[in-house]
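J.: Please read through the structure below; I'll follow up with questions.
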Amino acid sequence: MKIAIGNDHAATELKWTIKEYVEGLGHEVVNFGTDDNESCDYPEFGKAVGRAVANGEVGCGILICGTGVGISIAANKIKGVRAAVCSDVTTAHLVKEHNNANIIAFGARIVGQELAKDIVKSYLDAEFAGGRHQRRVDMIEE
């Protein structure tokens, strides 16, 4: 699967770790984030990943900023995006299974490298359950 990744200056190092990890799982990663530590504006990167997901350029997205919150809020402004902040593996699994989240986000200042990998793996391994959950996702989309 083709996966978008985006980050701000607070998450550059973690972005490279996650990019390499996801590629090691056999996915193609498209980098929409900054590649250095110069102060920058996370909404630009959230918007870029959100657009790539919404228009079908990629299958899903991963966003990383200091907390994961700001960049996910920016992505959620794009119609068709369901970005969710995940700081643990259970949430990462459930946002896909129950909410059909098409972007996950987490904070480089909140989770370490190994937990971040586990969060990504949990999300990527999960499948949307459909059923009553589809009705709820449809309500969100309306």
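FYI, nothing fancy with the structure tokens labels: chains A, B, ... in order, residues from 1 per chain, ligands from 1 as they appear.
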Compile the contact shell of region 30-47 of chain A as a list in words: residues with an atom at most 6 Å away, counting only C-alpha atoms, same-chain residues fewer than 6 positions apart removed.
T.: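 What passes the distance filter is Ala4, Ile5, Gly6, Asn7, Asp8, His9, Ile71, Ala74 and Ala75 of chain A.
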J.: Using DSSP secondary structure from the backbone, list all strand (DSSP E or B) positions within chain A, as a PDB file with all heavy atoms, in the first residue's frame.
T.:
```pdb
ATOM      1  N   LYS A   2       0.382   2.286  -0.599  1.00  0.00           N
ATOM      2  CA  LYS A   2       1.077   3.566  -0.609  1.00  0.00           C
ATOM      3  C   LYS A   2       0.558   4.370   0.591  1.00  0.00           C
ATOM      4  O   LYS A   2      -0.650   4.539   0.753  1.00  0.00           O
ATOM      5  CB  LYS A   2       0.796   4.306  -1.911  1.00  0.00           C
ATOM      6  CG  LYS A   2       1.678   5.520  -2.129  1.00  0.00           C
ATOM      7  CD  LYS A   2       1.322   6.258  -3.412  1.00  0.00           C
ATOM      8  CE  LYS A   2       1.958   5.592  -4.600  1.00  0.00           C
ATOM      9  NZ  LYS A   2       1.844   6.443  -5.820  1.00  0.00           N
ATOM     10  N   ILE A   3       1.482   4.852   1.427  1.00  0.00           N
ATOM     11  CA  ILE A   3       1.135   5.545   2.664  1.00  0.00           C
ATOM     12  C   ILE A   3       1.817   6.909   2.692  1.00  0.00           C
ATOM     13  O   ILE A   3       3.024   7.015   2.468  1.00  0.00           O
ATOM     14  CB  ILE A   3       1.572   4.714   3.889  1.00  0.00           C
ATOM     15  CG1 ILE A   3       0.853   3.356   3.882  1.00  0.00           C
ATOM     16  CG2 ILE A   3       1.308   5.475   5.185  1.00  0.00           C
ATOM     17  CD1 ILE A   3       1.361   2.384   4.924  1.00  0.00           C
ATOM     18  N   ALA A   4       1.035   7.947   2.995  1.00  0.00           N
ATOM     19  CA  ALA A   4       1.589   9.299   3.138  1.00  0.00           C
ATOM     20  C   ALA A   4       2.095   9.489   4.557  1.00  0.00           C
ATOM     21  O   ALA A   4       1.502   8.987   5.511  1.00  0.00           O
ATOM     22  CB  ALA A   4       0.511  10.338   2.842  1.00  0.00           C
ATOM     23  N   ILE A   5       3.187  10.229   4.692  1.00  0.00           N
ATOM     24  CA  ILE A   5       3.676  10.599   6.011  1.00  0.00           C
ATOM     25  C   ILE A   5       3.947  12.100   6.005  1.00  0.00           C
ATOM     26  O   ILE A   5       4.429  12.649   5.009  1.00  0.00           O
ATOM     27  CB  ILE A   5       4.929   9.787   6.414  1.00  0.00           C
ATOM     28  CG1 ILE A   5       5.209   9.938   7.908  1.00  0.00           C
ATOM     29  CG2 ILE A   5       6.126  10.150   5.569  1.00  0.00           C
ATOM     30  CD1 ILE A   5       6.191   8.903   8.453  1.00  0.00           C
ATOM     31  N   GLY A   6       3.575  12.747   7.093  1.00  0.00           N
ATOM     32  CA  GLY A   6       3.806  14.176   7.221  1.00  0.00           C
ATOM     33  C   GLY A   6       4.209  14.512   8.638  1.00  0.00           C
ATOM     34  O   GLY A   6       3.783  13.848   9.580  1.00  0.00           O
ATOM     35  N   ASN A   7       5.024  15.534   8.772  1.00  0.00           N
ATOM     36  CA  ASN A   7       5.532  15.916  10.088  1.00  0.00           C
ATOM     37  C   ASN A   7       5.959  17.370  10.091  1.00  0.00           C
ATOM     38  O   ASN A   7       6.196  17.955   9.035  1.00  0.00           O
ATOM     39  CB  ASN A   7       6.740  15.050  10.454  1.00  0.00           C
ATOM     40  CG  ASN A   7       7.897  15.268   9.505  1.00  0.00           C
ATOM     41  OD1 ASN A   7       7.843  14.848   8.353  1.00  0.00           O
ATOM     42  ND2 ASN A   7       8.937  15.947   9.960  1.00  0.00           N
ATOM     43  N   GLU A  28       4.996   1.418   0.384  1.00  0.00           N
ATOM     44  CA  GLU A  28       5.645   2.575  -0.199  1.00  0.00           C
ATOM     45  C   GLU A  28       5.237   3.794   0.622  1.00  0.00           C
ATOM     46  O   GLU A  28       4.057   3.975   0.928  1.00  0.00           O
ATOM     47  CB  GLU A  28       5.193   2.758  -1.651  1.00  0.00           C
ATOM     48  CG  GLU A  28       5.802   3.957  -2.331  1.00  0.00           C
ATOM     49  CD  GLU A  28       5.281   4.162  -3.746  1.00  0.00           C
ATOM     50  OE1 GLU A  28       4.622   3.251  -4.295  1.00  0.00           O
ATOM     51  OE2 GLU A  28       5.531   5.254  -4.286  1.00  0.00           O
ATOM     52  N   VAL A  29       6.196   4.636   0.969  1.00  0.00           N
ATOM     53  CA  VAL A  29       5.913   5.815   1.784  1.00  0.00           C
ATOM     54  C   VAL A  29       6.185   7.073   0.962  1.00  0.00           C
ATOM     55  O   VAL A  29       7.242   7.221   0.369  1.00  0.00           O
ATOM     56  CB  VAL A  29       6.767   5.827   3.072  1.00  0.00           C
ATOM     57  CG1 VAL A  29       6.499   7.091   3.883  1.00  0.00           C
ATOM     58  CG2 VAL A  29       6.478   4.588   3.918  1.00  0.00           C
ATOM     59  N   VAL A  30       5.195   7.966   0.942  1.00  0.00           N
ATOM     60  CA  VAL A  30       5.318   9.247   0.265  1.00  0.00           C
ATOM     61  C   VAL A  30       5.500  10.310   1.340  1.00  0.00           C
ATOM     62  O   VAL A  30       4.640  10.475   2.210  1.00  0.00           O
ATOM     63  CB  VAL A  30       4.077   9.556  -0.601  1.00  0.00           C
ATOM     64  CG1 VAL A  30       4.254  10.880  -1.325  1.00  0.00           C
ATOM     65  CG2 VAL A  30       3.807   8.423  -1.577  1.00  0.00           C
ATOM     66  N   ASN A  31       6.606  11.017   1.286  1.00  0.00           N
ATOM     67  CA  ASN A  31       6.981  11.983   2.312  1.00  0.00           C
ATOM     68  C   ASN A  31       6.420  13.375   1.995  1.00  0.00           C
ATOM     69  O   ASN A  31       6.832  13.999   1.027  1.00  0.00           O
ATOM     70  CB  ASN A  31       8.507  12.042   2.418  1.00  0.00           C
ATOM     71  CG  ASN A  31       8.994  13.030   3.438  1.00  0.00           C
ATOM     72  OD1 ASN A  31       8.241  13.543   4.266  1.00  0.00           O
ATOM     73  ND2 ASN A  31      10.283  13.310   3.401  1.00  0.00           N
ATOM     74  N   CYS A  60      -3.620   5.572   2.981  1.00  0.00           N
ATOM     75  CA  CYS A  60      -3.821   6.102   4.328  1.00  0.00           C
ATOM     76  C   CYS A  60      -2.644   7.026   4.653  1.00  0.00           C
ATOM     77  O   CYS A  60      -1.737   7.180   3.841  1.00  0.00           O
ATOM     78  CB  CYS A  60      -3.943   4.989   5.366  1.00  0.00           C
ATOM     79  SG  CYS A  60      -2.456   3.996   5.621  1.00  0.00           S
ATOM     80  N   GLY A  61      -2.697   7.621   5.839  1.00  0.00           N
ATOM     81  CA  GLY A  61      -1.650   8.559   6.203  1.00  0.00           C
ATOM     82  C   GLY A  61      -1.206   8.429   7.645  1.00  0.00           C
ATOM     83  O   GLY A  61      -1.938   7.918   8.487  1.00  0.00           O
ATOM     84  N   ILE A  62       0.002   8.918   7.889  1.00  0.00           N
ATOM     85  CA  ILE A  62       0.592   8.988   9.228  1.00  0.00           C
ATOM     86  C   ILE A  62       1.068  10.414   9.425  1.00  0.00           C
ATOM     87  O   ILE A  62       1.809  10.940   8.595  1.00  0.00           O
ATOM     88  CB  ILE A  62       1.785   8.022   9.368  1.00  0.00           C
ATOM     89  CG1 ILE A  62       1.348   6.574   9.119  1.00  0.00           C
ATOM     90  CG2 ILE A  62       2.449   8.186  10.737  1.00  0.00           C
ATOM     91  CD1 ILE A  62       2.508   5.595   8.971  1.00  0.00           C
ATOM     92  N   LEU A  63       0.619  11.038  10.512  1.00  0.00           N
ATOM     93  CA  LEU A  63       1.019  12.406  10.827  1.00  0.00           C
ATOM     94  C   LEU A  63       1.705  12.449  12.176  1.00  0.00           C
ATOM     95  O   LEU A  63       1.260  11.796  13.125  1.00  0.00           O
ATOM     96  CB  LEU A  63      -0.211  13.318  10.854  1.00  0.00           C
ATOM     97  CG  LEU A  63      -0.881  13.562   9.511  1.00  0.00           C
ATOM     98  CD1 LEU A  63      -2.199  14.304   9.710  1.00  0.00           C
ATOM     99  CD2 LEU A  63       0.045  14.337   8.588  1.00  0.00           C
ATOM    100  N   ILE A  64       2.776  13.252  12.263  1.00  0.00           N
ATOM    101  CA  ILE A  64       3.525  13.366  13.515  1.00  0.00           C
ATOM    102  C   ILE A  64       3.906  14.821  13.741  1.00  0.00           C
ATOM    103  O   ILE A  64       4.513  15.455  12.871  1.00  0.00           O
ATOM    104  CB  ILE A  64       4.814  12.518  13.502  1.00  0.00           C
ATOM    105  CG1 ILE A  64       4.597  11.155  12.836  1.00  0.00           C
ATOM    106  CG2 ILE A  64       5.354  12.352  14.921  1.00  0.00           C
ATOM    107  CD1 ILE A  64       5.879  10.408  12.513  1.00  0.00           C
ATOM    108  N   CYS A  65       3.533  15.335  14.891  1.00  0.00           N
ATOM    109  CA  CYS A  65       4.012  16.642  15.336  1.00  0.00           C
ATOM    110  C   CYS A  65       4.404  16.476  16.803  1.00  0.00           C
ATOM    111  O   CYS A  65       4.655  15.351  17.229  1.00  0.00           O
ATOM    112  CB  CYS A  65       2.973  17.750  15.115  1.00  0.00           C
ATOM    113  SG  CYS A  65       1.463  17.646  16.082  1.00  0.00           S
ATOM    114  N   ALA A  83      -8.928  11.609  10.702  1.00  0.00           N
ATOM    115  CA  ALA A  83      -7.621  11.491  11.361  1.00  0.00           C
ATOM    116  C   ALA A  83      -7.829  11.369  12.858  1.00  0.00           C
ATOM    117  O   ALA A  83      -8.629  12.107  13.438  1.00  0.00           O
ATOM    118  CB  ALA A  83      -6.758  12.704  11.047  1.00  0.00           C
ATOM    119  N   ALA A  84      -7.111  10.451  13.476  1.00  0.00           N
ATOM    120  CA  ALA A  84      -7.252  10.213  14.907  1.00  0.00           C
ATOM    121  C   ALA A  84      -5.885  10.164  15.573  1.00  0.00           C
ATOM    122  O   ALA A  84      -4.961   9.518  15.065  1.00  0.00           O
ATOM    123  CB  ALA A  84      -7.994   8.902  15.155  1.00  0.00           C
ATOM    124  N   VAL A  85      -5.780  10.829  16.705  1.00  0.00           N
ATOM    125  CA  VAL A  85      -4.550  10.800  17.493  1.00  0.00           C
ATOM    126  C   VAL A  85      -4.524   9.501  18.295  1.00  0.00           C
ATOM    127  O   VAL A  85      -5.506   9.145  18.947  1.00  0.00           O
ATOM    128  CB  VAL A  85      -4.466  12.005  18.450  1.00  0.00           C
ATOM    129  CG1 VAL A  85      -3.201  11.937  19.290  1.00  0.00           C
ATOM    130  CG2 VAL A  85      -4.519  13.305  17.671  1.00  0.00           C
ATOM    131  N   ILE A 103      -6.265   8.237   8.604  1.00  0.00           N
ATOM    132  CA  ILE A 103      -4.986   8.825   9.017  1.00  0.00           C
ATOM    133  C   ILE A 103      -4.845   8.621  10.522  1.00  0.00           C
ATOM    134  O   ILE A 103      -5.799   8.834  11.272  1.00  0.00           O
ATOM    135  CB  ILE A 103      -4.926  10.339   8.711  1.00  0.00           C
ATOM    136  CG1 ILE A 103      -5.013  10.604   7.206  1.00  0.00           C
ATOM    137  CG2 ILE A 103      -3.656  10.963   9.294  1.00  0.00           C
ATOM    138  CD1 ILE A 103      -5.063  12.083   6.833  1.00  0.00           C
ATOM    139  N   ILE A 104      -3.654   8.213  10.932  1.00  0.00           N
ATOM    140  CA  ILE A 104      -3.349   8.221  12.368  1.00  0.00           C
ATOM    141  C   ILE A 104      -2.320   9.306  12.625  1.00  0.00           C
ATOM    142  O   ILE A 104      -1.538   9.662  11.738  1.00  0.00           O
ATOM    143  CB  ILE A 104      -2.846   6.868  12.907  1.00  0.00           C
ATOM    144  CG1 ILE A 104      -1.596   6.383  12.174  1.00  0.00           C
ATOM    145  CG2 ILE A 104      -3.957   5.838  12.858  1.00  0.00           C
ATOM    146  CD1 ILE A 104      -0.873   5.267  12.891  1.00  0.00           C
ATOM    147  N   ALA A 105      -2.344   9.800  13.837  1.00  0.00           N
ATOM    148  CA  ALA A 105      -1.392  10.829  14.249  1.00  0.00           C
ATOM    149  C   ALA A 105      -0.899  10.496  15.642  1.00  0.00           C
ATOM    150  O   ALA A 105      -1.612   9.881  16.433  1.00  0.00           O
ATOM    151  CB  ALA A 105      -2.067  12.202  14.240  1.00  0.00           C
ATOM    152  N   PHE A 106       0.320  10.895  15.910  1.00  0.00           N
ATOM    153  CA  PHE A 106       0.856  10.757  17.264  1.00  0.00           C
ATOM    154  C   PHE A 106       1.921  11.809  17.476  1.00  0.00           C
ATOM    155  O   PHE A 106       2.358  12.472  16.528  1.00  0.00           O
ATOM    156  CB  PHE A 106       1.382   9.344  17.557  1.00  0.00           C
ATOM    157  CG  PHE A 106       2.217   8.729  16.471  1.00  0.00           C
ATOM    158  CD1 PHE A 106       3.581   8.960  16.412  1.00  0.00           C
ATOM    159  CD2 PHE A 106       1.640   7.923  15.512  1.00  0.00           C
ATOM    160  CE1 PHE A 106       4.354   8.387  15.423  1.00  0.00           C
ATOM    161  CE2 PHE A 106       2.395   7.335  14.508  1.00  0.00           C
ATOM    162  CZ  PHE A 106       3.765   7.571  14.469  1.00  0.00           C
ATOM    163  N   GLY A 107       2.306  11.971  18.727  1.00  0.00           N
ATOM    164  CA  GLY A 107       3.234  13.023  19.082  1.00  0.00           C
ATOM    165  C   GLY A 107       4.633  12.524  19.355  1.00  0.00           C
ATOM    166  O   GLY A 107       4.829  11.594  20.143  1.00  0.00           O
TER     167      GLY A 107
END
```
J.: DSSP on the backbone, alpha helix (DSSP H) only: what residues of chain A does that give? Format it as a VMD selection string.
T.: chain A and resid 12 to 24 42 to 54 69 to 75 89 to 97 113 to 125 132 to 141
J.: Could you check which of A:Gly26, A:Gly70, A:Gly56, A:Gly112 is closest to Leu124 (chain A), using only C-alpha atoms?
T.: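 Closest residue, counting only C-alpha atoms: A:Gly26.
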J.: Compile the contact shell of Val137 (chain A) as a ChimeraX atom specification: residues with an atom at most 9 Å away, counting only C-alpha atoms, same-chain residues fewer than 5 positions apart removed.
T.: /A:98-100,132,142
J.: Considering only C-alpha atoms, can you say which of A:Ala101, A:Leu115, A:Ala10, A:Val89 comes closest to Val53 (chain A)?
T.: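 Selected residue with least distance to Val53 (chain A): A:Ala101.
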J.: Which of these residues is nearest to Lys77 (chain A), using only C-alpha atoms: A:Thr91, A:Glu57, A:Gly50, A:Arg135?
T.: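 Closest residue, counting only C-alpha atoms: A:Gly50.
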J.: So that I can check the surroundings of Thr17 (chain A), please list as an MDAnalysis selection string every protein, DNA and RNA residue that reaches within 10 Å of it, counting only C-alpha atoms and ignoring chain neighbours fewer than 3 positions away.
T.: chainID A and resid 12:14 20:22 113:114 116:117
J.: Would you mind reading off the distance between CA of Gly131 (chain A) and CA of Gly80 (chain A), one decimal, in Å?
T.: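 Going from CA of Gly131 (chain A) over to CA of Gly80 (chain A) covers 19.2 Å.
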